[in-house]
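Dumped entry-v2.pdb below, it's PDB, C-alpha atoms, pLDDT in the B column:
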```pdb
ATOM      1  CA  MET X  22       5.073  -1.026 -48.851  1.00 44.00           C
ATOM      2  CA  VAL X  23       1.907   0.977 -48.238  1.00 38.00           C
ATOM      3  CA  ASN X  24       0.229  -2.039 -46.655  1.00 43.00           C
ATOM      4  CA  LYS X  25       3.227  -2.586 -44.386  1.00 41.00           C
ATOM      5  CA  TYR X  26       3.131   1.063 -43.315  1.00 38.00           C
ATOM      6  CA  MET X  27      -0.591   0.858 -42.615  1.00 43.00           C
ATOM      7  CA  ASP X  28      -0.026  -2.309 -40.568  1.00 45.00           C
ATOM      8  CA  LEU X  29       2.598  -0.496 -38.479  1.00 38.00           C
ATOM      9  CA  ILE X  30       0.165   2.364 -37.814  1.00 44.00           C
ATOM     10  CA  LYS X  31      -2.576  -0.080 -36.887  1.00 52.00           C
ATOM     11  CA  ASN X  32      -0.269  -2.074 -34.597  1.00 73.00           C
ATOM     12  CA  ASP X  33       0.950   1.118 -32.892  1.00 78.00           C
ATOM     13  CA  LYS X  34      -2.653   2.197 -32.359  1.00 84.00           C
ATOM     14  CA  ILE X  35      -3.521  -1.170 -30.841  1.00 85.00           C
ATOM     15  CA  TYR X  36      -0.449  -1.055 -28.579  1.00 89.00           C
ATOM     16  CA  ARG X  37      -1.383   2.399 -27.289  1.00 90.00           C
ATOM     17  CA  LYS X  38      -4.898   1.139 -26.719  1.00 90.00           C
ATOM     18  CA  ARG X  39      -3.513  -1.804 -24.728  1.00 93.00           C
ATOM     19  CA  ILE X  40      -1.461   0.548 -22.539  1.00 94.00           C
ATOM     20  CA  LEU X  41      -4.539   2.686 -21.826  1.00 95.00           C
ATOM     21  CA  MET X  42      -6.567  -0.441 -21.039  1.00 95.00           C
ATOM     22  CA  THR X  43      -3.842  -1.628 -18.668  1.00 96.00           C
ATOM     23  CA  LEU X  44      -3.723   1.729 -16.916  1.00 96.00           C
ATOM     24  CA  PHE X  45      -7.516   1.843 -16.641  1.00 97.00           C
ATOM     25  CA  GLY X  46      -7.670  -1.757 -15.392  1.00 96.00           C
ATOM     26  CA  VAL X  47      -5.053  -1.208 -12.686  1.00 96.00           C
ATOM     27  CA  ILE X  48      -6.764   1.975 -11.476  1.00 97.00           C
ATOM     28  CA  ILE X  49     -10.148   0.245 -11.305  1.00 97.00           C
ATOM     29  CA  CYS X  50      -8.678  -2.774  -9.477  1.00 96.00           C
ATOM     30  CA  ALA X  51      -6.935  -0.464  -6.999  1.00 97.00           C
ATOM     31  CA  ILE X  52     -10.175   1.391  -6.288  1.00 97.00           C
ATOM     32  CA  SER X  53     -11.931  -1.943  -5.776  1.00 97.00           C
ATOM     33  CA  VAL X  54      -9.360  -3.001  -3.151  1.00 96.00           C
ATOM     34  CA  GLY X  55     -10.064   0.221  -1.266  1.00 97.00           C
ATOM     35  CA  ILE X  56     -13.770  -0.645  -1.351  1.00 97.00           C
ATOM     36  CA  PHE X  57     -13.001  -4.185  -0.132  1.00 97.00           C
ATOM     37  CA  LYS X  58     -11.116  -2.691   2.810  1.00 96.00           C
ATOM     38  CA  ILE X  59     -14.135  -0.557   3.706  1.00 97.00           C
ATOM     39  CA  ALA X  60     -16.377  -3.642   3.477  1.00 97.00           C
ATOM     40  CA  ALA X  61     -14.009  -5.410   5.926  1.00 97.00           C
ATOM     41  CA  LEU X  62     -15.314  -8.828   4.895  1.00 97.00           C
ATOM     42  CA  GLY X  63     -12.087 -10.125   3.427  1.00 96.00           C
ATOM     43  CA  VAL X  64      -9.882  -9.135   0.501  1.00 95.00           C
ATOM     44  CA  ASP X  65      -8.176 -11.215  -2.187  1.00 94.00           C
ATOM     45  CA  PRO X  66      -5.442 -13.607  -0.952  1.00 95.00           C
ATOM     46  CA  PHE X  67      -2.465 -11.391  -1.805  1.00 96.00           C
ATOM     47  CA  GLN X  68      -4.124  -8.373  -0.245  1.00 96.00           C
ATOM     48  CA  SER X  69      -4.790 -10.484   2.878  1.00 97.00           C
ATOM     49  CA  PHE X  70      -1.030 -10.867   3.181  1.00 97.00           C
ATOM     50  CA  MET X  71      -0.541  -7.158   2.514  1.00 97.00           C
ATOM     51  CA  ALA X  72      -3.182  -6.258   5.147  1.00 97.00           C
ATOM     52  CA  GLY X  73      -1.350  -8.280   7.805  1.00 97.00           C
ATOM     53  CA  LEU X  74       1.989  -6.805   6.797  1.00 97.00           C
ATOM     54  CA  ASP X  75       0.498  -3.308   6.744  1.00 96.00           C
ATOM     55  CA  LYS X  76      -0.698  -3.686  10.321  1.00 96.00           C
ATOM     56  CA  LEU X  77       2.748  -4.858  11.415  1.00 96.00           C
ATOM     57  CA  ILE X  78       4.959  -2.352   9.580  1.00 96.00           C
ATOM     58  CA  PRO X  79       4.408   1.349  10.335  1.00 94.00           C
ATOM     59  CA  ILE X  80       4.752   2.838   6.843  1.00 95.00           C
ATOM     60  CA  SER X  81       2.103   3.885   4.332  1.00 96.00           C
ATOM     61  CA  PHE X  82       0.324   1.099   2.483  1.00 97.00           C
ATOM     62  CA  GLY X  83       1.296   2.507  -0.914  1.00 97.00           C
ATOM     63  CA  THR X  84       5.005   2.518  -0.085  1.00 97.00           C
ATOM     64  CA  LEU X  85       4.811  -0.928   1.508  1.00 97.00           C
ATOM     65  CA  TYR X  86       3.088  -2.290  -1.606  1.00 97.00           C
ATOM     66  CA  VAL X  87       5.880  -0.948  -3.826  1.00 97.00           C
ATOM     67  CA  ILE X  88       8.580  -2.485  -1.605  1.00 97.00           C
ATOM     68  CA  VAL X  89       6.963  -5.939  -1.463  1.00 97.00           C
ATOM     69  CA  ASN X  90       6.298  -5.994  -5.196  1.00 97.00           C
ATOM     70  CA  ALA X  91       9.810  -4.766  -5.955  1.00 97.00           C
ATOM     71  CA  LEU X  92      11.168  -7.802  -4.074  1.00 97.00           C
ATOM     72  CA  MET X  93       8.910 -10.119  -6.089  1.00 97.00           C
ATOM     73  CA  LEU X  94       9.949  -8.293  -9.264  1.00 97.00           C
ATOM     74  CA  ALA X  95      13.585  -9.056  -8.442  1.00 97.00           C
ATOM     75  CA  PHE X  96      12.614 -12.723  -8.029  1.00 96.00           C
ATOM     76  CA  ALA X  97      10.899 -12.723 -11.440  1.00 95.00           C
ATOM     77  CA  LEU X  98      13.803 -10.952 -13.161  1.00 95.00           C
ATOM     78  CA  ILE X  99      16.234 -13.511 -11.787  1.00 95.00           C
ATOM     79  CA  PHE X 100      14.286 -16.645 -12.705  1.00 95.00           C
ATOM     80  CA  ASP X 101      12.144 -15.765 -15.738  1.00 94.00           C
ATOM     81  CA  LYS X 102      11.805 -12.153 -16.832  1.00 91.00           C
ATOM     82  CA  HIS X 103       9.599 -12.780 -19.866  1.00 90.00           C
ATOM     83  CA  TYR X 104       6.474 -12.482 -17.695  1.00 92.00           C
ATOM     84  CA  ILE X 105       7.427  -8.904 -16.881  1.00 93.00           C
ATOM     85  CA  GLY X 106       6.000  -6.113 -19.019  1.00 93.00           C
ATOM     86  CA  ILE X 107       4.841  -2.537 -18.809  1.00 94.00           C
ATOM     87  CA  ALA X 108       1.696  -3.701 -16.991  1.00 94.00           C
ATOM     88  CA  THR X 109       3.882  -5.128 -14.226  1.00 95.00           C
ATOM     89  CA  PHE X 110       5.390  -1.710 -13.523  1.00 96.00           C
ATOM     90  CA  ILE X 111       2.066   0.120 -13.795  1.00 95.00           C
ATOM     91  CA  ASN X 112       0.678  -2.297 -11.201  1.00 95.00           C
ATOM     92  CA  LEU X 113       3.759  -2.010  -9.001  1.00 95.00           C
ATOM     93  CA  PHE X 114       3.858   1.782  -8.768  1.00 95.00           C
ATOM     94  CA  LEU X 115       0.162   2.705  -8.930  1.00 95.00           C
ATOM     95  CA  LEU X 116      -2.018   0.073  -7.281  1.00 96.00           C
ATOM     96  CA  GLY X 117      -0.819   0.484  -3.707  1.00 97.00           C
ATOM     97  CA  TYR X 118      -1.083   4.267  -3.613  1.00 97.00           C
ATOM     98  CA  ILE X 119      -4.464   4.400  -5.353  1.00 97.00           C
ATOM     99  CA  THR X 120      -5.767   1.764  -2.941  1.00 97.00           C
ATOM    100  CA  GLN X 121      -4.453   3.771   0.016  1.00 97.00           C
ATOM    101  CA  TYR X 122      -6.011   7.042  -1.158  1.00 97.00           C
ATOM    102  CA  THR X 123      -9.314   5.363  -2.062  1.00 97.00           C
ATOM    103  CA  TYR X 124      -9.565   3.748   1.368  1.00 97.00           C
ATOM    104  CA  GLU X 125      -8.661   6.964   3.179  1.00 97.00           C
ATOM    105  CA  PHE X 126     -11.252   8.913   1.191  1.00 97.00           C
ATOM    106  CA  LEU X 127     -13.993   6.337   1.712  1.00 97.00           C
ATOM    107  CA  GLN X 128     -13.309   6.352   5.451  1.00 96.00           C
ATOM    108  CA  THR X 129     -14.349  10.015   5.497  1.00 96.00           C
ATOM    109  CA  VAL X 130     -17.547   9.277   3.530  1.00 96.00           C
ATOM    110  CA  ILE X 131     -18.601   5.919   4.992  1.00 96.00           C
ATOM    111  CA  VAL X 132     -18.116   6.175   8.754  1.00 94.00           C
ATOM    112  CA  ASN X 133     -18.852   3.111  10.932  1.00 94.00           C
ATOM    113  CA  PRO X 134     -20.735   1.263   8.157  1.00 96.00           C
ATOM    114  CA  SER X 135     -23.474  -1.180   9.095  1.00 96.00           C
ATOM    115  CA  ILE X 136     -23.289  -4.800   7.985  1.00 96.00           C
ATOM    116  CA  VAL X 137     -25.751  -4.006   5.171  1.00 97.00           C
ATOM    117  CA  VAL X 138     -23.506  -1.213   3.872  1.00 97.00           C
ATOM    118  CA  ARG X 139     -20.464  -3.485   4.176  1.00 97.00           C
ATOM    119  CA  VAL X 140     -22.159  -6.230   2.156  1.00 97.00           C
ATOM    120  CA  ILE X 141     -23.134  -3.690  -0.511  1.00 97.00           C
ATOM    121  CA  CYS X 142     -19.528  -2.472  -0.615  1.00 97.00           C
ATOM    122  CA  LEU X 143     -18.332  -6.058  -0.967  1.00 97.00           C
ATOM    123  CA  ILE X 144     -20.660  -6.667  -3.928  1.00 97.00           C
ATOM    124  CA  ILE X 145     -19.606  -3.405  -5.576  1.00 97.00           C
ATOM    125  CA  GLY X 146     -15.951  -4.274  -4.965  1.00 96.00           C
ATOM    126  CA  ILE X 147     -16.331  -7.704  -6.574  1.00 96.00           C
ATOM    127  CA  VAL X 148     -18.025  -6.301  -9.687  1.00 96.00           C
ATOM    128  CA  ILE X 149     -15.446  -3.525 -10.035  1.00 96.00           C
ATOM    129  CA  ILE X 150     -12.412  -5.770  -9.553  1.00 95.00           C
ATOM    130  CA  CYS X 151     -13.746  -8.181 -12.196  1.00 95.00           C
ATOM    131  CA  PHE X 152     -14.337  -5.267 -14.562  1.00 96.00           C
ATOM    132  CA  GLY X 153     -10.825  -3.919 -14.026  1.00 95.00           C
ATOM    133  CA  SER X 154      -9.256  -7.373 -14.253  1.00 94.00           C
ATOM    134  CA  ALA X 155     -10.890  -7.946 -17.648  1.00 94.00           C
ATOM    135  CA  PHE X 156      -9.163  -4.838 -19.052  1.00 95.00           C
ATOM    136  CA  TYR X 157      -5.844  -5.669 -17.408  1.00 92.00           C
ATOM    137  CA  MET X 158      -5.856  -9.265 -18.627  1.00 91.00           C
ATOM    138  CA  THR X 159      -7.098  -8.541 -22.148  1.00 92.00           C
ATOM    139  CA  ALA X 160      -4.426  -5.865 -22.656  1.00 93.00           C
ATOM    140  CA  ASP X 161      -1.851  -8.652 -22.115  1.00 90.00           C
ATOM    141  CA  LEU X 162       1.189  -6.431 -21.467  1.00 94.00           C
ATOM    142  CA  GLY X 163       2.641  -8.378 -18.570  1.00 92.00           C
ATOM    143  CA  VAL X 164       1.413  -9.842 -15.307  1.00 91.00           C
ATOM    144  CA  SER X 165       1.626  -8.629 -11.725  1.00 94.00           C
ATOM    145  CA  THR X 166       4.687  -9.705  -9.762  1.00 95.00           C
ATOM    146  CA  TYR X 167       2.485 -11.937  -7.611  1.00 95.00           C
ATOM    147  CA  ASP X 168       1.040 -13.696 -10.672  1.00 93.00           C
ATOM    148  CA  ALA X 169       4.574 -14.154 -11.995  1.00 94.00           C
ATOM    149  CA  VAL X 170       5.581 -16.188  -8.919  1.00 95.00           C
ATOM    150  CA  ALA X 171       3.092 -18.992  -9.620  1.00 93.00           C
ATOM    151  CA  LEU X 172       3.847 -18.914 -13.359  1.00 93.00           C
ATOM    152  CA  ILE X 173       7.576 -19.300 -12.719  1.00 95.00           C
ATOM    153  CA  ILE X 174       7.038 -22.194 -10.314  1.00 95.00           C
ATOM    154  CA  VAL X 175       4.917 -23.999 -12.905  1.00 94.00           C
ATOM    155  CA  ASN X 176       6.462 -23.111 -16.263  1.00 92.00           C
ATOM    156  CA  THR X 177      10.103 -22.448 -15.382  1.00 94.00           C
ATOM    157  CA  TRP X 178      10.669 -24.779 -12.453  1.00 95.00           C
ATOM    158  CA  LYS X 179       8.168 -27.377 -13.754  1.00 94.00           C
ATOM    159  CA  LYS X 180       6.604 -27.862 -10.325  1.00 93.00           C
ATOM    160  CA  GLY X 181       2.944 -28.896 -10.497  1.00 91.00           C
ATOM    161  CA  LYS X 182      -0.065 -27.532 -12.376  1.00 90.00           C
ATOM    162  CA  PHE X 183      -0.923 -23.858 -12.331  1.00 89.00           C
ATOM    163  CA  GLN X 184      -4.324 -24.169 -10.649  1.00 86.00           C
ATOM    164  CA  TYR X 185      -2.860 -26.118  -7.731  1.00 91.00           C
ATOM    165  CA  VAL X 186       0.252 -23.961  -7.379  1.00 93.00           C
ATOM    166  CA  ARG X 187      -1.910 -20.827  -7.427  1.00 91.00           C
ATOM    167  CA  ILE X 188      -4.167 -22.254  -4.723  1.00 91.00           C
ATOM    168  CA  ALA X 189      -1.048 -23.048  -2.672  1.00 94.00           C
ATOM    169  CA  THR X 190       0.411 -19.531  -3.060  1.00 95.00           C
ATOM    170  CA  ASP X 191      -2.990 -18.027  -2.212  1.00 95.00           C
ATOM    171  CA  LEU X 192      -3.237 -20.163   0.919  1.00 95.00           C
ATOM    172  CA  VAL X 193       0.269 -19.162   1.979  1.00 96.00           C
ATOM    173  CA  CYS X 194      -0.664 -15.491   1.547  1.00 96.00           C
ATOM    174  CA  VAL X 195      -3.847 -15.844   3.592  1.00 96.00           C
ATOM    175  CA  VAL X 196      -2.130 -17.767   6.417  1.00 97.00           C
ATOM    176  CA  LEU X 197       0.815 -15.345   6.534  1.00 97.00           C
ATOM    177  CA  GLY X 198      -1.553 -12.382   6.481  1.00 97.00           C
ATOM    178  CA  CYS X 199      -3.534 -13.740   9.419  1.00 97.00           C
ATOM    179  CA  VAL X 200      -0.392 -14.568  11.407  1.00 97.00           C
ATOM    180  CA  LEU X 201       1.103 -11.131  10.804  1.00 97.00           C
ATOM    181  CA  PHE X 202      -2.220  -9.502  11.694  1.00 97.00           C
ATOM    182  CA  VAL X 203      -2.285 -11.259  15.076  1.00 97.00           C
ATOM    183  CA  LEU X 204       1.431 -10.628  15.733  1.00 97.00           C
ATOM    184  CA  ALA X 205       0.789  -6.938  15.110  1.00 96.00           C
ATOM    185  CA  GLY X 206      -1.802  -6.900  17.875  1.00 96.00           C
ATOM    186  CA  GLY X 207      -4.933  -7.622  15.860  1.00 95.00           C
ATOM    187  CA  SER X 208      -7.684  -9.614  17.505  1.00 95.00           C
ATOM    188  CA  ILE X 209      -8.388 -13.137  16.270  1.00 95.00           C
ATOM    189  CA  LYS X 210     -12.087 -12.267  16.031  1.00 95.00           C
ATOM    190  CA  ASP X 211     -11.170  -9.518  13.544  1.00 96.00           C
ATOM    191  CA  ILE X 212      -9.363 -11.867  11.154  1.00 96.00           C
ATOM    192  CA  PRO X 213     -12.472 -12.162   8.894  1.00 96.00           C
ATOM    193  CA  THR X 214     -12.003  -8.482   8.037  1.00 96.00           C
ATOM    194  CA  ILE X 215      -8.884  -9.416   6.020  1.00 96.00           C
ATOM    195  CA  ALA X 216      -9.578 -13.101   5.317  1.00 96.00           C
ATOM    196  CA  GLY X 217     -13.311 -13.713   5.103  1.00 96.00           C
ATOM    197  CA  ILE X 218     -16.085 -14.330   2.605  1.00 96.00           C
ATOM    198  CA  GLY X 219     -14.606 -11.741   0.253  1.00 95.00           C
ATOM    199  CA  THR X 220     -11.359 -13.713   0.170  1.00 96.00           C
ATOM    200  CA  ILE X 221     -13.178 -16.931  -0.752  1.00 94.00           C
ATOM    201  CA  ILE X 222     -15.169 -15.221  -3.498  1.00 93.00           C
ATOM    202  CA  THR X 223     -12.134 -13.517  -5.053  1.00 91.00           C
ATOM    203  CA  ALA X 224     -10.064 -16.715  -4.902  1.00 88.00           C
ATOM    204  CA  PHE X 225     -12.580 -19.114  -6.440  1.00 86.00           C
ATOM    205  CA  PHE X 226     -15.628 -17.452  -7.999  1.00 87.00           C
ATOM    206  CA  MET X 227     -14.572 -14.370  -9.975  1.00 90.00           C
ATOM    207  CA  GLY X 228     -13.793 -16.172 -13.226  1.00 87.00           C
ATOM    208  CA  PRO X 229     -17.262 -16.109 -14.863  1.00 90.00           C
ATOM    209  CA  LEU X 230     -17.770 -12.389 -14.195  1.00 93.00           C
ATOM    210  CA  ILE X 231     -14.307 -11.519 -15.509  1.00 92.00           C
ATOM    211  CA  GLU X 232     -15.028 -13.553 -18.637  1.00 92.00           C
ATOM    212  CA  PHE X 233     -18.353 -11.739 -19.093  1.00 93.00           C
ATOM    213  CA  PHE X 234     -16.559  -8.368 -19.096  1.00 94.00           C
ATOM    214  CA  ASN X 235     -13.837  -9.822 -21.337  1.00 92.00           C
ATOM    215  CA  VAL X 236     -16.298 -10.994 -23.967  1.00 92.00           C
ATOM    216  CA  HIS X 237     -18.668  -8.041 -23.941  1.00 93.00           C
ATOM    217  CA  ILE X 238     -16.366  -5.059 -23.276  1.00 94.00           C
ATOM    218  CA  ALA X 239     -12.589  -5.600 -23.123  1.00 92.00           C
ATOM    219  CA  ARG X 240     -11.991  -7.817 -26.176  1.00 90.00           C
ATOM    220  CA  PRO X 241     -14.253  -5.777 -28.498  1.00 92.00           C
ATOM    221  CA  LEU X 242     -12.211  -2.696 -27.539  1.00 88.00           C
ATOM    222  CA  ILE X 243      -9.010  -4.421 -28.702  1.00 82.00           C
ATOM    223  CA  ASN X 244     -10.512  -5.825 -31.896  1.00 78.00           C
ATOM    224  CA  PRO X 245     -13.587  -3.828 -32.885  1.00 73.00           C
ATOM    225  CA  LYS X 246     -15.416  -5.152 -35.937  1.00 63.00           C
ATOM    226  CA  SER X 247     -14.811  -1.918 -37.733  1.00 44.00           C
ATOM    227  CA  GLU X 248     -11.038  -2.463 -37.748  1.00 44.00           C
TER     228      GLU X 248
END
```

As structure tokens, the full file:
Amino acid sequence: MVNKYMDLIKNDKIYRKRILMTLFGVIICAISVGIFKIAALGVDPFQSFMAGLDKLIPISFGTLYVIVNALMLAFALIFDKHYIGIATFINLFLLGYITQYTYEFLQTVIVNPSIVVRVICLIIGIVIICFGSAFYMTADLGVSTYDAVALIIVNTWKKGKFQYVRIATDLVCVVLGCVLFVLAGGSIKDIPTIAGIGTIITAFFMGPLIEFFNVHIARPLINPKSE
């Protein structure tokens, strides 16, 4: 009985730790997106879509992010709700607003950045988003609504393999983002600011850095040797 009680205390402690890691991871990822926007060399595929939509629809980015993710949440709840967890809601309600405030603040600090400053911001953004993603993923308390879409297509609808479906959904986001950007009056020559080298890097090359932070920081926090 004592052992069972101690296990419950330990499990509750780990769960609270996972919630804190999720919260920290989402905040860090949101800050990184704000830095990506300052770099203006491309953001991740879903944020490319959001950037195009943001230019077209005259409401704050944070509110727009909540609305779009709420629609995808409804999709996930209808077709397979087991991917939804507390992390999904933390992402839904916090990421957009933190990104908006980070970007607005950085605009007052970094005015008309040179290409060198933009590249530095891009590098910092990549490192930070990988760091935050490691915490978010290791906590394992649910996925973002965008991640849930590909998982439902693959695991619930049995349509294709995840890596290919995810590439397809990413491509759709990038294309839609670019189209919306142009429809909203954006110049074609400015498209690389929302779908550029940063988009390619985040879509295909972040894995090893995320795994590095997983192995050396995030996972040891969940299961320290002392426990």

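What the PyMOL selection byres ((chain X and resi 130-143) around 8) picks from this file is Ile56, Phe57, Ile59, Ala60, Ala61, Leu62, Phe126, Leu127, Gln128, Thr129, Ile144, Ile145, Gly146, Ile147 and Gly219 of chain X.
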
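Minimum distance to Ile238 of chain X across X:Ile52, X:Cys151, X:Ile40, X:Ile119 (counting only C-alpha atoms) occurs at X:Cys151.
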
Spatial neighbours of Ala205 of chain X, max dist 9 Å, only C-alpha atoms, sep filter under 2 positions, as a list in words: Gly73, Leu74, Lys76, Leu77, Ile78, Val200, Leu201, Phe202, Val203 and Gly207 of chain X

Selection result for the PyMOL selection byres ((chain X and resi 83) around 12) on this file, as a PyMOL selection string: chain X and resi 51+55+71-72+75+79-82+84-90+112-125

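The gap separating atom CA of Lys180 of chain X from atom CA of Asp101 of chain X is 14.4 Å, in Å to one decimal.
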
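Rounded to one decimal, atom CA of Ile174 of chain X and atom CA of Phe96 of chain X lie 11.2 Å from each other.
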
Neighbour residues at most 9 Å from (6.0, -10.7, -24.2) (all atoms listed in the file) as a count of residues only: 7

Evaluate the PyMOL selection byres ((chain X and resi 228) around 12) and report residues as a list in words: Ile147, Val148, Ile150, Cys151, Phe152, Ser154, Ala155, Met158, Ile222, Thr223, Ala224, Phe225, Phe226, Met227, Pro229, Leu230, Ile231, Glu232, Phe233, Phe234 and Asn235 of chain X

Write out the residues from the selection above, keeping C-alpha atoms, as a PDB file, in the coordinates of the input.
```pdb
ATOM      1  CA  ILE X 147     -16.331  -7.704  -6.574  1.00 96.00           C
ATOM      2  CA  VAL X 148     -18.025  -6.301  -9.687  1.00 96.00           C
ATOM      3  CA  ILE X 150     -12.412  -5.770  -9.553  1.00 95.00           C
ATOM      4  CA  CYS X 151     -13.746  -8.181 -12.196  1.00 95.00           C
ATOM      5  CA  PHE X 152     -14.337  -5.267 -14.562  1.00 96.00           C
ATOM      6  CA  SER X 154      -9.256  -7.373 -14.253  1.00 94.00           C
ATOM      7  CA  ALA X 155     -10.890  -7.946 -17.648  1.00 94.00           C
ATOM      8  CA  MET X 158      -5.856  -9.265 -18.627  1.00 91.00           C
ATOM      9  CA  ILE X 222     -15.169 -15.221  -3.498  1.00 93.00           C
ATOM     10  CA  THR X 223     -12.134 -13.517  -5.053  1.00 91.00           C
ATOM     11  CA  ALA X 224     -10.064 -16.715  -4.902  1.00 88.00           C
ATOM     12  CA  PHE X 225     -12.580 -19.114  -6.440  1.00 86.00           C
ATOM     13  CA  PHE X 226     -15.628 -17.452  -7.999  1.00 87.00           C
ATOM     14  CA  MET X 227     -14.572 -14.370  -9.975  1.00 90.00           C
ATOM     15  CA  PRO X 229     -17.262 -16.109 -14.863  1.00 90.00           C
ATOM     16  CA  LEU X 230     -17.770 -12.389 -14.195  1.00 93.00           C
ATOM     17  CA  ILE X 231     -14.307 -11.519 -15.509  1.00 92.00           C
ATOM     18  CA  GLU X 232     -15.028 -13.553 -18.637  1.00 92.00           C
ATOM     19  CA  PHE X 233     -18.353 -11.739 -19.093  1.00 93.00           C
ATOM     20  CA  PHE X 234     -16.559  -8.368 -19.096  1.00 94.00           C
ATOM     21  CA  ASN X 235     -13.837  -9.822 -21.337  1.00 92.00           C
TER      22      ASN X 235
END
```

Leaving out Val64 of chain X and any residue of its chain fewer than 6 positions from it, which residues lie within 8 Å of it when counting all atoms listed in the file, given as number ranges by chain? X: 54, 57-58, 214-217, 219-220, 223

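The gap separating atom CA of Gly153 of chain X from atom CA of Ile48 of chain X is 7.6 Å, in Å to one decimal.
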
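Shortest separation to Met93 of chain X among X:Ala171, X:Leu242, X:Ile35, X:Ile221 occurs at residue X:Ala171, atoms counted being only C-alpha atoms.
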
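Minimum distance to Trp178 of chain X across X:Val164, X:Phe100, X:Ala108, X:Gly198 (counting only C-alpha atoms) occurs at X:Phe100.
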
At a cut-off of 8 Å, using all atoms listed in the file, what residues contact Asp191 of chain X? Leave out same-chain residues fewer than 4 positions from it and give the result as a ChimeraX atom specification. /X:66-67,187,195,224

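Using all atoms listed in the file for every distance, the candidate list X:Thr177, X:Gln68, X:Ala95, X:Ser53 yields X:Gln68 as the residue closest to Val193 of chain X.
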
Would you list the contacts of Thr43 of chain X as a JSON list (two decimals) with C-alpha atoms, in the coordinates of the input, taking every protein, DNA or RNA residue within 7 Å and counting all atoms listed in the file, but skipping same-chain residues closer than 6 positions in sequence?
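Okay, this is what ended up in out.json:
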```
[["chain", "number", "residue", "atom", "x", "y", "z"],
["X", 108, "ALA", "CA", 1.70, -3.70, -16.99],
["X", 156, "PHE", "CA", -9.16, -4.84, -19.05],
["X", 157, "TYR", "CA", -5.84, -5.67, -17.41],
["X", 160, "ALA", "CA", -4.43, -5.86, -22.66]]
```

Pick from X:Ile99, X:Met42, X:Ile49, X:Leu192: nearest to Ile149 of chain X, with all atoms listed in the file counted? X:Ile49

Between X:Asn244, X:Thr190, X:Thr159, X:Ser69, which is the closest to Gly46 of chain X once you count all atoms listed in the file? X:Thr159
